[in-house]
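K.L.:
Take this structure first; my questions come after.
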Amino acid sequence: MSWETLLLLGAGFGFAYGFLLQKGDFCFVSAFRDWFSFRYTAVARGILVMVLTALVGWSLAVSLGWAPLDRLWVPAVGWNSLLGGVLFGLGMAVAGGCASGTLYRCGMGYVQFWITLAAMGLGYFTFAWLYDPWLLRYVLEPLRLSGPVTLYRVLPWPPVVTGLAVFAAIGLVLWLKVGRTGLAAGWREATASFRGPPGRLLRAPRWDTRVVGFLLGLTMVLQFVTMSVWGITTPEARLTALAVRAVAGEGAVAGNAYFASIFRGYPGLVAGPWEVLILAMVVGAAVAAWLGGTFRLRLPRAARLPNAVAGGFLMAFGSRVAPGCNIGNIASGLPALSLHSLVATVGIGIGVYLVTAGLFRFQGARRQARAAAD
Amino acid sequence: MQPSAPRAPGDLVPDQLAPGEPVPGELAPEQLQRLRPDRVLDSTGEVCPYPVKQALDALKELAPGSILVQLTDHSMSTQTVPFAVRRSGLARVLGITGRGGVYRIYMKRL
């Protein structure tokens, strides 16, 4: 496929992702933090639907020969998978938004998340600056345990069998947990929320997270068949490199081992389809918010600026150590049945838990005593 | 429920919700607007989890029967605040109105 076609596809997929994330208010931090705090599960359910849709779609696509198995993103496994996940989880909980959440909220007009995004740039730059030799020699190489591991390659049968078996296993657990009536009620709720003329749906301020999760999963399947898996933080690191070049010149980027490594396969130091994709996510979210009447220039409180800066920095740095963010490891890594992404996802959960318990002290967690006044 | 006047897109009132989505509170927008709040809590500019904490802290200080109105421009809070408040048992959520990305969450202390 030509580079120009890929640029167009990147723009289209990015727009769709941004639009859907905004419509669902698809906040990965909420999925962890609000479950730890007060058992709010709307986003977690959406994520589960998204991961299951991509799991079935991708494994089917590979078995039908629509895409090579190599297209799955399966990095090497190591303690850095866990460490990077924890750092990313700490960062996203402090910032109040993950890698994708930061982008869709940038599109909604949140100035706080533009600051988070700028701080992420600083995180990518710091990682690249320390990469060779310090991080590579003293952190990343010692922490490495094995090469890439995916269940699809471990098991001898075709990927679609593995994919459907994992889907069935998770479905069975859900069945045992909520029962047939629970699953049927969920289906009815989700589909009922999505009936109505398209104009009305486009103007609705929010869509059911399960419907959004399914549509995100379908978009991921289309992207997988035509181009690649979905990622955010590596393209952001490339955009950071381009910003560094604009300020400090070509040599500052070309001479850096990390920056050079992430432009491998590119026709030069240029923004490619994956960078266009993340920029288009911001546009898609802005359009969705504008249609739904939820766009607004939101100015942050000065007291929260440390959250934006520290959270953004930690997210970016963690996403390079692992590697991968919530999209790389949860959205794209779990359906790839990648051991690295499973470990990193556990790490993200630990990171969010630590912030929720330590910094926020499970706000909203306790059932409060009835008014003592009467 | 009384037929309501046309509203701008983004109003989180029953006739603007996605079809089938549960109505977020107990009262119609006209009834909500007639309420006299005992306290108005301004949480604009805050993102999660601060609006939830601020709503619960404010409710704890109010006497039973008092009305709290929370202002927020964080769209996620229109989901998490009602959920956390109901779960805490501190208050009933009477409803949510909103326009242009700013929402008012009406709560009655139990």
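All residue names refer to the structure tokens as shown: chains lettered A, B, ... in order, residues numbered from 1 in each chain, ligands numbered from 1 in order.
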Name all residues at most 8 Å from Ala67 of chain A (count only C-alpha atoms; drop same-chain ones fewer than 2 positions away) and give them as a list of chain:residue names.

P.N.:
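Everything that qualifies: A:Ala61, A:Val62, A:Leu64, A:Gly65, A:Leu69, A:Arg71, A:Phe224, A:Val225, A:Thr226.
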
K.L.:
Save the residues we just selected, N, CA, C and O atoms, as a PDB file, in the first residue's frame?

P.N.:
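This went into result.pdb:
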ATOM      1  N   ALA A  61      -9.089 -12.666  11.094  1.00  0.00           N
ATOM      2  CA  ALA A  61      -8.405 -12.044   9.949  1.00  0.00           C
ATOM      3  C   ALA A  61      -7.087 -12.758   9.649  1.00  0.00           C
ATOM      4  O   ALA A  61      -6.750 -12.982   8.483  1.00  0.00           O
ATOM      5  N   VAL A  62      -6.355 -13.135  10.710  1.00  0.00           N
ATOM      6  CA  VAL A  62      -5.079 -13.821  10.489  1.00  0.00           C
ATOM      7  C   VAL A  62      -5.325 -15.195   9.881  1.00  0.00           C
ATOM      8  O   VAL A  62      -4.668 -15.597   8.913  1.00  0.00           O
ATOM      9  N   LEU A  64      -7.842 -16.186   8.126  1.00  0.00           N
ATOM     10  CA  LEU A  64      -8.368 -16.100   6.754  1.00  0.00           C
ATOM     11  C   LEU A  64      -7.324 -15.559   5.779  1.00  0.00           C
ATOM     12  O   LEU A  64      -7.581 -15.442   4.585  1.00  0.00           O
ATOM     13  N   GLY A  65      -6.152 -15.189   6.322  1.00  0.00           N
ATOM     14  CA  GLY A  65      -5.091 -14.683   5.453  1.00  0.00           C
ATOM     15  C   GLY A  65      -5.262 -13.219   5.075  1.00  0.00           C
ATOM     16  O   GLY A  65      -4.628 -12.733   4.143  1.00  0.00           O
ATOM     17  N   LEU A  69       0.284 -12.674  10.834  1.00  0.00           N
ATOM     18  CA  LEU A  69       0.365 -12.735  12.298  1.00  0.00           C
ATOM     19  C   LEU A  69       1.401 -11.725  12.821  1.00  0.00           C
ATOM     20  O   LEU A  69       1.270 -11.199  13.917  1.00  0.00           O
ATOM     21  N   ARG A  71       1.762  -8.847  12.127  1.00  0.00           N
ATOM     22  CA  ARG A  71       1.219  -7.493  12.274  1.00  0.00           C
ATOM     23  C   ARG A  71       0.805  -7.212  13.721  1.00  0.00           C
ATOM     24  O   ARG A  71       0.675  -6.063  14.115  1.00  0.00           O
ATOM     25  N   PHE A 224      -6.412  -3.142  11.406  1.00  0.00           N
ATOM     26  CA  PHE A 224      -5.501  -4.296  11.404  1.00  0.00           C
ATOM     27  C   PHE A 224      -5.425  -4.916  10.009  1.00  0.00           C
ATOM     28  O   PHE A 224      -4.355  -5.276   9.531  1.00  0.00           O
ATOM     29  N   VAL A 225      -6.575  -5.018   9.348  1.00  0.00           N
ATOM     30  CA  VAL A 225      -6.614  -5.661   8.035  1.00  0.00           C
ATOM     31  C   VAL A 225      -5.939  -4.778   6.978  1.00  0.00           C
ATOM     32  O   VAL A 225      -5.276  -5.271   6.064  1.00  0.00           O
ATOM     33  N   THR A 226      -6.068  -3.459   7.123  1.00  0.00           N
ATOM     34  CA  THR A 226      -5.554  -2.576   6.073  1.00  0.00           C
ATOM     35  C   THR A 226      -4.165  -2.025   6.361  1.00  0.00           C
ATOM     36  O   THR A 226      -3.435  -1.673   5.440  1.00  0.00           O
TER      37      THR A 226
END

K.L.:
Could you pull the residues within 10 Å of segment 93-106 of chain B, counting only C-alpha atoms, minus those fewer than 3 positions along the same chain, as a CSV table (one decimal) with N, CA, C and O atoms, in the first residue's frame?

P.N.:
chain,number,residue,atom,x,y,z
A,108,MET,N,-11.8,18.1,23.2
A,108,MET,CA,-13.0,18.7,23.8
A,108,MET,C,-12.7,20.1,24.4
A,108,MET,O,-13.7,20.7,24.9
A,109,GLY,N,-11.5,20.5,24.3
A,109,GLY,CA,-11.2,21.9,24.8
A,109,GLY,C,-10.6,22.0,26.2
A,109,GLY,O,-10.6,23.1,26.8
A,205,PRO,N,-25.2,13.7,23.6
A,205,PRO,CA,-23.9,14.1,24.3
A,205,PRO,C,-23.1,12.9,24.6
A,205,PRO,O,-21.8,13.0,24.7
A,289,ALA,N,-17.5,16.3,20.1
A,289,ALA,CA,-17.9,17.2,21.2
A,289,ALA,C,-18.8,18.3,20.7
A,289,ALA,O,-19.8,18.7,21.3
A,290,TRP,N,-18.4,18.9,19.6
A,290,TRP,CA,-19.1,20.0,19.0
A,290,TRP,C,-20.5,19.6,18.6
A,290,TRP,O,-21.5,20.2,18.9
A,292,GLY,N,-22.2,17.1,19.9
A,292,GLY,CA,-23.0,16.7,21.1
A,292,GLY,C,-23.2,17.9,22.0
A,292,GLY,O,-23.8,17.8,23.1
A,293,GLY,N,-22.6,19.1,21.6
A,293,GLY,CA,-22.8,20.3,22.5
A,293,GLY,C,-21.9,20.2,23.7
A,293,GLY,O,-22.2,20.9,24.7
A,294,THR,N,-20.9,19.4,23.8
A,294,THR,CA,-20.0,19.3,25.0
A,294,THR,C,-18.7,20.0,24.8
A,294,THR,O,-17.8,19.9,25.6
A,295,PHE,N,-18.5,20.6,23.6
A,295,PHE,CA,-17.2,21.3,23.4
A,295,PHE,C,-17.2,22.6,24.2
A,295,PHE,O,-18.1,23.3,24.3
A,296,ARG,N,-16.1,22.8,24.9
A,296,ARG,CA,-15.9,24.1,25.7
A,296,ARG,C,-14.5,24.3,26.0
A,296,ARG,O,-13.7,23.3,26.3
A,297,LEU,N,-14.0,25.5,25.9
A,297,LEU,CA,-12.7,25.8,26.3
A,297,LEU,C,-12.6,25.8,27.8
A,297,LEU,O,-13.2,26.6,28.5
A,298,ARG,N,-12.0,24.7,28.4
A,298,ARG,CA,-12.1,24.5,29.8
A,298,ARG,C,-10.7,24.9,30.4
A,298,ARG,O,-9.7,24.2,30.1
B,7,ARG,N,-34.2,23.0,23.3
B,7,ARG,CA,-32.9,23.3,24.0
B,7,ARG,C,-31.8,23.2,23.0
B,7,ARG,O,-31.9,22.5,22.0
B,8,ALA,N,-30.7,23.7,23.4
B,8,ALA,CA,-29.5,23.6,22.6
B,8,ALA,C,-29.0,22.2,22.7
B,8,ALA,O,-29.2,21.5,23.7
B,9,PRO,N,-28.3,21.7,21.6
B,9,PRO,CA,-27.7,20.4,21.7
B,9,PRO,C,-26.8,20.3,22.9
B,9,PRO,O,-26.1,21.3,23.3
B,10,GLY,N,-26.7,19.1,23.6
B,10,GLY,CA,-25.8,19.0,24.7
B,10,GLY,C,-26.5,19.1,26.0
B,10,GLY,O,-26.0,18.8,27.1
B,11,ASP,N,-27.8,19.5,26.0
B,11,ASP,CA,-28.5,19.6,27.3
B,11,ASP,C,-28.7,18.1,27.7
B,11,ASP,O,-29.2,17.3,27.0
B,12,LEU,N,-28.3,17.9,29.0
B,12,LEU,CA,-28.5,16.6,29.5
B,12,LEU,C,-29.9,16.4,30.2
B,12,LEU,O,-30.0,16.2,31.4
B,13,VAL,N,-30.9,16.7,29.4
B,13,VAL,CA,-32.2,16.5,29.9
B,13,VAL,C,-32.9,15.4,29.1
B,13,VAL,O,-32.4,15.0,28.1
B,14,PRO,N,-34.0,14.8,29.7
B,14,PRO,CA,-34.5,13.6,29.1
B,14,PRO,C,-34.7,13.6,27.6
B,14,PRO,O,-34.3,12.7,26.9
B,23,VAL,N,-33.0,8.2,32.4
B,23,VAL,CA,-33.0,9.6,32.9
B,23,VAL,C,-32.1,9.7,34.1
B,23,VAL,O,-32.3,8.9,35.0
B,24,PRO,N,-31.2,10.7,34.2
B,24,PRO,CA,-30.3,10.7,35.3
B,24,PRO,C,-30.8,11.1,36.6
B,24,PRO,O,-30.2,10.8,37.6
B,25,GLY,N,-32.0,11.6,36.7
B,25,GLY,CA,-32.5,12.0,38.0
B,25,GLY,C,-34.0,11.9,38.1
B,25,GLY,O,-34.6,11.2,37.3
B,26,GLU,N,-34.6,12.4,39.2
B,26,GLU,CA,-36.0,12.2,39.5
B,26,GLU,C,-36.9,13.3,39.0
B,26,GLU,O,-38.1,13.1,38.8
B,27,LEU,N,-36.4,14.5,38.8
B,27,LEU,CA,-37.2,15.6,38.5
B,27,LEU,C,-37.0,16.1,37.1
B,27,LEU,O,-35.9,15.9,36.5
B,28,ALA,N,-38.0,16.7,36.5
B,28,ALA,CA,-37.9,17.3,35.2
B,28,ALA,C,-37.1,18.6,35.3
B,28,ALA,O,-37.0,19.2,36.4
B,29,PRO,N,-36.5,19.0,34.2
B,29,PRO,CA,-35.6,20.2,34.2
B,29,PRO,C,-36.3,21.5,34.8
B,29,PRO,O,-35.7,22.2,35.5
B,30,GLU,N,-37.6,21.6,34.4
B,30,GLU,CA,-38.3,22.8,34.9
B,30,GLU,C,-38.4,22.8,36.5
B,30,GLU,O,-38.3,23.8,37.1
B,31,GLN,N,-38.6,21.6,37.0
B,31,GLN,CA,-38.7,21.4,38.5
B,31,GLN,C,-37.3,21.7,39.1
B,31,GLN,O,-37.2,22.3,40.1
B,32,LEU,N,-36.3,21.2,38.4
B,32,LEU,CA,-34.9,21.4,38.9
B,32,LEU,C,-34.6,22.9,39.0
B,32,LEU,O,-34.1,23.4,40.0
B,33,GLN,N,-35.0,23.6,37.9
B,33,GLN,CA,-34.7,25.0,37.9
B,33,GLN,C,-35.4,25.9,38.9
B,33,GLN,O,-35.0,26.9,39.3
B,35,LEU,N,-35.9,24.8,42.0
B,35,LEU,CA,-35.3,24.5,43.3
B,35,LEU,C,-34.5,25.6,43.8
B,35,LEU,O,-33.8,26.3,43.1
B,37,PRO,N,-31.3,26.1,45.9
B,37,PRO,CA,-30.2,25.4,46.5
B,37,PRO,C,-29.8,26.0,47.8
B,37,PRO,O,-29.8,27.2,48.0
B,40,VAL,N,-24.3,26.1,46.5
B,40,VAL,CA,-23.9,25.9,45.2
B,40,VAL,C,-22.4,25.6,45.2
B,40,VAL,O,-21.6,26.4,45.8
B,41,LEU,N,-22.0,24.5,44.7
B,41,LEU,CA,-20.6,24.1,44.8
B,41,LEU,C,-20.0,24.2,43.4
B,41,LEU,O,-20.5,23.6,42.4
B,42,ASP,N,-19.0,25.0,43.3
B,42,ASP,CA,-18.4,25.2,41.9
B,42,ASP,C,-17.2,24.3,41.7
B,42,ASP,O,-16.1,24.5,42.4
B,43,SER,N,-17.3,23.3,40.9
B,43,SER,CA,-16.2,22.4,40.6
B,43,SER,C,-15.7,22.6,39.2
B,43,SER,O,-15.1,21.6,38.6
B,44,THR,N,-16.1,23.7,38.6
B,44,THR,CA,-15.6,23.9,37.2
B,44,THR,C,-14.1,23.9,37.2
B,44,THR,O,-13.5,24.4,38.1
B,55,ALA,N,-18.1,16.8,46.0
B,55,ALA,CA,-19.5,16.6,46.2
B,55,ALA,C,-19.8,15.9,47.5
B,55,ALA,O,-20.7,16.3,48.3
B,67,ILE,N,-30.6,21.1,49.7
B,67,ILE,CA,-30.3,20.9,48.3
B,67,ILE,C,-28.9,21.4,48.0
B,67,ILE,O,-28.6,22.5,48.3
B,68,LEU,N,-28.1,20.5,47.3
B,68,LEU,CA,-26.8,20.9,46.9
B,68,LEU,C,-26.8,20.9,45.3
B,68,LEU,O,-27.3,20.0,44.7
B,69,VAL,N,-26.3,22.0,44.7
B,69,VAL,CA,-26.1,22.0,43.3
B,69,VAL,C,-24.6,22.1,43.0
B,69,VAL,O,-24.0,23.0,43.5
B,70,GLN,N,-24.2,21.2,42.2
B,70,GLN,CA,-22.7,21.2,41.9
B,70,GLN,C,-22.6,21.6,40.4
B,70,GLN,O,-23.2,21.0,39.5
B,71,LEU,N,-21.7,22.6,40.2
B,71,LEU,CA,-21.4,23.0,38.8
B,71,LEU,C,-20.1,22.3,38.4
B,71,LEU,O,-19.1,22.3,39.1
B,72,THR,N,-20.2,21.6,37.2
B,72,THR,CA,-18.9,21.0,36.7
B,72,THR,C,-18.9,21.1,35.2
B,72,THR,O,-19.9,21.2,34.5
B,73,ASP,N,-17.7,21.3,34.7
B,73,ASP,CA,-17.5,21.2,33.2
B,73,ASP,C,-16.8,20.0,32.8
B,73,ASP,O,-16.3,19.9,31.7
B,74,HIS,N,-16.7,19.0,33.7
B,74,HIS,CA,-16.0,17.7,33.4
B,74,HIS,C,-17.1,16.7,33.0
B,74,HIS,O,-17.9,16.3,33.9
B,75,SER,N,-17.2,16.3,31.7
B,75,SER,CA,-18.3,15.5,31.3
B,75,SER,C,-18.4,14.2,32.0
B,75,SER,O,-19.5,13.7,32.3
B,77,SER,N,-17.9,13.6,35.1
B,77,SER,CA,-18.5,13.8,36.4
B,77,SER,C,-20.0,13.6,36.4
B,77,SER,O,-20.6,13.3,37.4
B,78,THR,N,-20.6,13.9,35.2
B,78,THR,CA,-22.1,13.7,35.1
B,78,THR,C,-22.4,12.2,35.3
B,78,THR,O,-23.6,11.9,35.6
B,79,GLN,N,-21.5,11.3,35.1
B,79,GLN,CA,-21.7,9.9,35.4
B,79,GLN,C,-21.2,9.5,36.8
B,79,GLN,O,-21.9,8.8,37.5
B,81,VAL,N,-20.2,11.3,39.6
B,81,VAL,CA,-20.8,12.0,40.8
B,81,VAL,C,-22.1,11.4,41.2
B,81,VAL,O,-22.3,10.9,42.3
B,82,PRO,N,-23.1,11.3,40.3
B,82,PRO,CA,-24.4,10.6,40.7
B,82,PRO,C,-24.2,9.2,41.2
B,82,PRO,O,-24.8,8.8,42.2
B,83,PHE,N,-23.3,8.5,40.5
B,83,PHE,CA,-23.1,7.1,40.9
B,83,PHE,C,-22.5,7.0,42.3
B,83,PHE,O,-23.0,6.3,43.2
B,85,VAL,N,-22.5,9.3,44.6
B,85,VAL,CA,-23.3,9.9,45.7
B,85,VAL,C,-24.4,9.0,46.1
B,85,VAL,O,-24.7,8.8,47.2
B,86,ARG,N,-25.0,8.3,45.1
B,86,ARG,CA,-26.1,7.3,45.4
B,86,ARG,C,-25.5,6.2,46.2
B,86,ARG,O,-26.1,5.8,47.2
B,90,LEU,N,-25.5,9.2,50.9
B,90,LEU,CA,-25.6,10.6,51.5
B,90,LEU,C,-26.7,11.4,50.9
B,90,LEU,O,-27.2,12.3,51.6
B,109,ARG,N,-29.8,16.1,50.2
B,109,ARG,CA,-29.2,15.4,51.4
B,109,ARG,C,-30.2,14.5,52.1
B,109,ARG,O,-31.3,15.0,52.4

K.L.:
One decimal, in Å: what's the spacing between atom CA of Gly333 of chain A and atom CA of Gly358 of chain A?

P.N.:
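Atom CA of Gly358 of chain A lies at a distance of 28.2 Å from atom CA of Gly333 of chain A.
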
K.L.:
Find the spatial neighbours of Phe38 of chain A, counting only C-alpha atoms, within a cut-off of 12 Å - ignore same-chain residues fewer than 6 positions away - and output them as a compact mmCIF listing (two decimals) with N, CA and C atoms, in the first residue's frame.

P.N.:
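out_37.txt, freshly written:
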# COMPACT_ATOMS: atom_id res chain seq x y z
N SER A 30 -10.80 5.95 34.61
CA SER A 30 -12.05 5.66 35.32
C SER A 30 -12.25 4.15 35.46
N ALA A 31 -11.92 3.41 34.40
CA ALA A 31 -12.14 1.96 34.42
C ALA A 31 -11.42 1.32 35.60
N PHE A 32 -10.25 1.83 35.94
CA PHE A 32 -9.50 1.29 37.09
C PHE A 32 -9.88 2.02 38.38
N THR A 356 -4.72 5.80 43.73
CA THR A 356 -6.08 5.87 44.26
C THR A 356 -6.08 5.66 45.78
N ARG A 361 -6.91 8.44 48.40
CA ARG A 361 -7.53 7.72 49.52
C ARG A 361 -8.94 7.20 49.18
N PHE A 362 -9.05 6.56 48.03
CA PHE A 362 -10.31 5.92 47.58
C PHE A 362 -11.49 6.88 47.69
N GLN A 363 -11.36 8.07 47.12
CA GLN A 363 -12.42 9.06 47.28
C GLN A 363 -13.76 8.52 46.79
N GLY A 364 -14.73 8.57 47.68
CA GLY A 364 -16.06 8.08 47.34
C GLY A 364 -16.24 6.60 47.63
N ALA A 365 -15.22 6.00 48.27
CA ALA A 365 -15.28 4.55 48.42
C ALA A 365 -16.25 4.10 49.50
N ARG A 366 -16.31 4.84 50.59
CA ARG A 366 -17.08 4.35 51.74
C ARG A 366 -18.56 4.70 51.63
N ARG A 367 -19.36 3.76 52.05
CA ARG A 367 -20.78 4.05 52.20
C ARG A 367 -20.89 4.92 53.45
N GLN A 368 -21.38 6.13 53.29
CA GLN A 368 -21.37 7.07 54.41
C GLN A 368 -22.54 6.77 55.36
N PRO B 49 -10.38 12.67 40.15
CA PRO B 49 -11.54 12.35 40.99
C PRO B 49 -12.03 13.51 41.86
N VAL B 52 -15.93 14.31 42.55
CA VAL B 52 -16.60 13.34 43.43
C VAL B 52 -16.29 13.65 44.88
N LYS B 53 -15.02 13.90 45.16
CA LYS B 53 -14.62 14.20 46.55
C LYS B 53 -15.30 15.48 47.04
N THR B 80 -19.99 9.90 37.10
CA THR B 80 -19.37 9.37 38.32
C THR B 80 -19.95 10.01 39.58
N VAL B 81 -20.25 11.32 39.55
CA VAL B 81 -20.77 11.97 40.76
C VAL B 81 -22.12 11.35 41.17
N PRO B 82 -23.12 11.27 40.26
CA PRO B 82 -24.38 10.64 40.67
C PRO B 82 -24.19 9.21 41.17
N PHE B 83 -23.31 8.47 40.50
CA PHE B 83 -23.09 7.06 40.90
C PHE B 83 -22.51 7.00 42.32
N ALA B 84 -21.45 7.80 42.56
CA ALA B 84 -20.78 7.75 43.86
C ALA B 84 -21.68 8.30 44.97
N VAL B 85 -22.46 9.33 44.65
CA VAL B 85 -23.33 9.94 45.66
C VAL B 85 -24.44 8.96 46.05
N ARG B 86 -25.04 8.32 45.05
CA ARG B 86 -26.08 7.33 45.35
C ARG B 86 -25.51 6.21 46.20
N ARG B 87 -24.31 5.77 45.82
CA ARG B 87 -23.70 4.63 46.51
C ARG B 87 -23.33 4.99 47.94
N SER B 88 -22.98 6.25 48.16
CA SER B 88 -22.58 6.67 49.51
C SER B 88 -23.77 6.69 50.46

K.L.:
Just the strand (DSSP E or B) stuff from segment 6-108 of chain B, please, per backbone DSSP, written as an MDAnalysis selection string.

P.N.:
chainID B and resid 39:42 67:72 91:99 102:108

K.L.:
With N, CA, C and O atoms retained, write the just-selected residues as a compact mmCIF listing (two decimals), in the first residue's frame.

P.N.:
# COMPACT_ATOMS: atom_id res chain seq x y z
N ARG B 39 -26.79 25.19 48.90
CA ARG B 39 -25.39 25.46 48.63
C ARG B 39 -25.12 25.20 47.15
O ARG B 39 -25.62 24.24 46.58
N VAL B 40 -24.35 26.09 46.53
CA VAL B 40 -23.89 25.88 45.17
C VAL B 40 -22.39 25.62 45.23
O VAL B 40 -21.63 26.43 45.78
N LEU B 41 -22.00 24.47 44.72
CA LEU B 41 -20.58 24.06 44.78
C LEU B 41 -19.99 24.22 43.38
O LEU B 41 -20.47 23.59 42.44
N ASP B 42 -18.97 25.02 43.26
CA ASP B 42 -18.36 25.25 41.94
C ASP B 42 -17.17 24.32 41.75
O ASP B 42 -16.12 24.53 42.35
N ILE B 67 -30.58 21.10 49.73
CA ILE B 67 -30.33 20.91 48.30
C ILE B 67 -28.92 21.41 47.97
O ILE B 67 -28.55 22.54 48.29
N LEU B 68 -28.14 20.55 47.32
CA LEU B 68 -26.80 20.94 46.85
C LEU B 68 -26.83 20.94 45.33
O LEU B 68 -27.30 19.99 44.71
N VAL B 69 -26.31 22.00 44.74
CA VAL B 69 -26.13 22.04 43.29
C VAL B 69 -24.65 22.13 43.01
O VAL B 69 -23.96 23.01 43.51
N GLN B 70 -24.15 21.17 42.24
CA GLN B 70 -22.74 21.19 41.87
C GLN B 70 -22.59 21.60 40.41
O GLN B 70 -23.23 21.04 39.53
N LEU B 71 -21.73 22.57 40.17
CA LEU B 71 -21.40 22.99 38.81
C LEU B 71 -20.12 22.27 38.39
O LEU B 71 -19.13 22.30 39.13
N THR B 72 -20.16 21.65 37.22
CA THR B 72 -18.94 21.01 36.73
C THR B 72 -18.88 21.14 35.21
O THR B 72 -19.92 21.15 34.55
N ALA B 91 -27.10 11.17 49.70
CA ALA B 91 -28.07 12.04 49.05
C ALA B 91 -28.79 11.33 47.92
O ALA B 91 -28.33 10.29 47.43
N ARG B 92 -29.94 11.92 47.53
CA ARG B 92 -30.61 11.50 46.31
C ARG B 92 -30.14 12.42 45.20
O ARG B 92 -29.88 13.60 45.44
N VAL B 93 -30.04 11.88 43.99
CA VAL B 93 -29.69 12.73 42.85
C VAL B 93 -30.99 13.12 42.17
O VAL B 93 -31.71 12.27 41.66
N LEU B 94 -31.31 14.42 42.21
CA LEU B 94 -32.61 14.86 41.68
C LEU B 94 -32.57 15.03 40.17
O LEU B 94 -33.58 14.89 39.49
N GLY B 95 -31.39 15.32 39.62
CA GLY B 95 -31.30 15.46 38.18
C GLY B 95 -30.07 16.23 37.76
O GLY B 95 -29.33 16.77 38.59
N ILE B 96 -29.86 16.26 36.45
CA ILE B 96 -28.71 16.97 35.89
C ILE B 96 -29.20 17.82 34.72
O ILE B 96 -29.99 17.35 33.90
N THR B 97 -28.79 19.07 34.67
CA THR B 97 -29.03 19.86 33.46
C THR B 97 -27.67 20.31 32.95
O THR B 97 -26.69 20.32 33.69
N GLY B 98 -27.63 20.67 31.69
CA GLY B 98 -26.34 21.08 31.16
C GLY B 98 -26.48 21.75 29.82
O GLY B 98 -27.42 21.48 29.07
N ARG B 99 -25.56 22.64 29.54
CA ARG B 99 -25.55 23.33 28.26
C ARG B 99 -24.14 23.78 27.96
O ARG B 99 -23.46 24.30 28.84
N VAL B 102 -21.18 22.80 30.38
CA VAL B 102 -21.24 23.04 31.82
C VAL B 102 -22.52 22.38 32.34
O VAL B 102 -23.58 22.55 31.76
N TYR B 103 -22.37 21.64 33.42
CA TYR B 103 -23.50 20.87 33.93
C TYR B 103 -23.81 21.27 35.36
O TYR B 103 -22.93 21.68 36.10
N ARG B 104 -25.07 21.12 35.73
CA ARG B 104 -25.50 21.34 37.11
C ARG B 104 -26.07 20.02 37.63
O ARG B 104 -27.02 19.49 37.04
N ILE B 105 -25.50 19.52 38.70
CA ILE B 105 -25.96 18.26 39.30
C ILE B 105 -26.72 18.63 40.58
O ILE B 105 -26.16 19.25 41.47
N TYR B 106 -28.01 18.27 40.61
CA TYR B 106 -28.88 18.61 41.75
C TYR B 106 -28.96 17.41 42.69
O TYR B 106 -29.32 16.31 42.27
N MET B 107 -28.66 17.65 43.98
CA MET B 107 -28.68 16.56 44.96
C MET B 107 -29.44 16.99 46.20
O MET B 107 -29.39 18.16 46.58
N LYS B 108 -30.14 16.04 46.83
CA LYS B 108 -30.86 16.34 48.08
C LYS B 108 -30.32 15.46 49.19
O LYS B 108 -30.37 14.22 49.10

K.L.:
Identify, with DSSP run on backbone atoms, the residues in segment 39-85 of chain A assigned to alpha helix (DSSP H), and express the list as a list in words.

P.N.:
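Listing alpha helix (DSSP H) positions across segment 39-85 of chain A yields Ala42, Val43, Ala44, Arg45, Gly46, Ile47, Leu48, Val49, Met50, Val51, Leu52, Thr53, Ala54, Leu55, Val56, Gly57, Trp58, Ser59, Leu60, Ala61, Val62, Ser63, Trp79, Asn80, Ser81, Leu82, Leu83, Gly84 and Gly85 of chain A.
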
K.L.:
Write out as an MDAnalysis selection string each polymer residue whose atoms come within 12 Å of Leu135 of chain A, counting only C-alpha atoms; drop sequence neighbours fewer than 3 positions from it.

P.N.:
chainID A and resid 80 126:132 138:143 257:258 317 320:321

K.L.:
In terms of the shortest atom-to-atom distance over only C-alpha atoms, which of A:Phe26, A:Tyr353, A:Phe88, A:Tyr124 is closest to chain B?

P.N.:
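The shortest atom-to-atom distance to chain B comes from A:Phe26.
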
K.L.:
Between A:Leu172, A:Val355, A:Ala322, A:Leu164, which one has atoms that come closest to chain B, using only C-alpha atoms?

P.N.:
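When distances to chain B are compared using only C-alpha atoms, the smallest one comes from A:Val355.
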
K.L.:
Could you name the residues that touch Phe15 of chain A at 9 Å or less, counting only C-alpha atoms, but leaving out those on the same chain fewer than 4 positions away, as a PyMOL selection string?

P.N.:
chain A and resi 10-11+19-20+277-285+287

K.L.:
Quick one: residues within 12 Å of Leu216 of chain A, only C-alpha atoms, excluding same-chain residues fewer than 4 positions away - as a PyMOL selection string?

P.N.:
chain A and resi 13-24+26+46-54+57+209-212+220-223+230+327+331-332

K.L.:
What gap, in Å, lies between atom CA of Ala288 of chain A and atom CA of Gly196 of chain A?

P.N.:
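So the two atoms, atom CA of Ala288 of chain A and atom CA of Gly196 of chain A, lie 17.3 Å apart.
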
K.L.:
Find the residue from B:Ser66, B:Glu61, B:Arg36, B:Glu46 that sits nearest to chain A; use only C-alpha atoms when measuring.

P.N.:
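Closest to chain A of all the choices is B:Glu46.
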
K.L.:
For segment 244-247 of chain A, please output as a list in words all residues within 9 Å (counting only C-alpha atoms; exclusion window: fewer than 5 positions along the same chain).

P.N.:
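Neighbouring residues, sequence-local ones excluded: Phe125, Leu239, Ala252, Val253, Ala254 and Leu269 of chain A.
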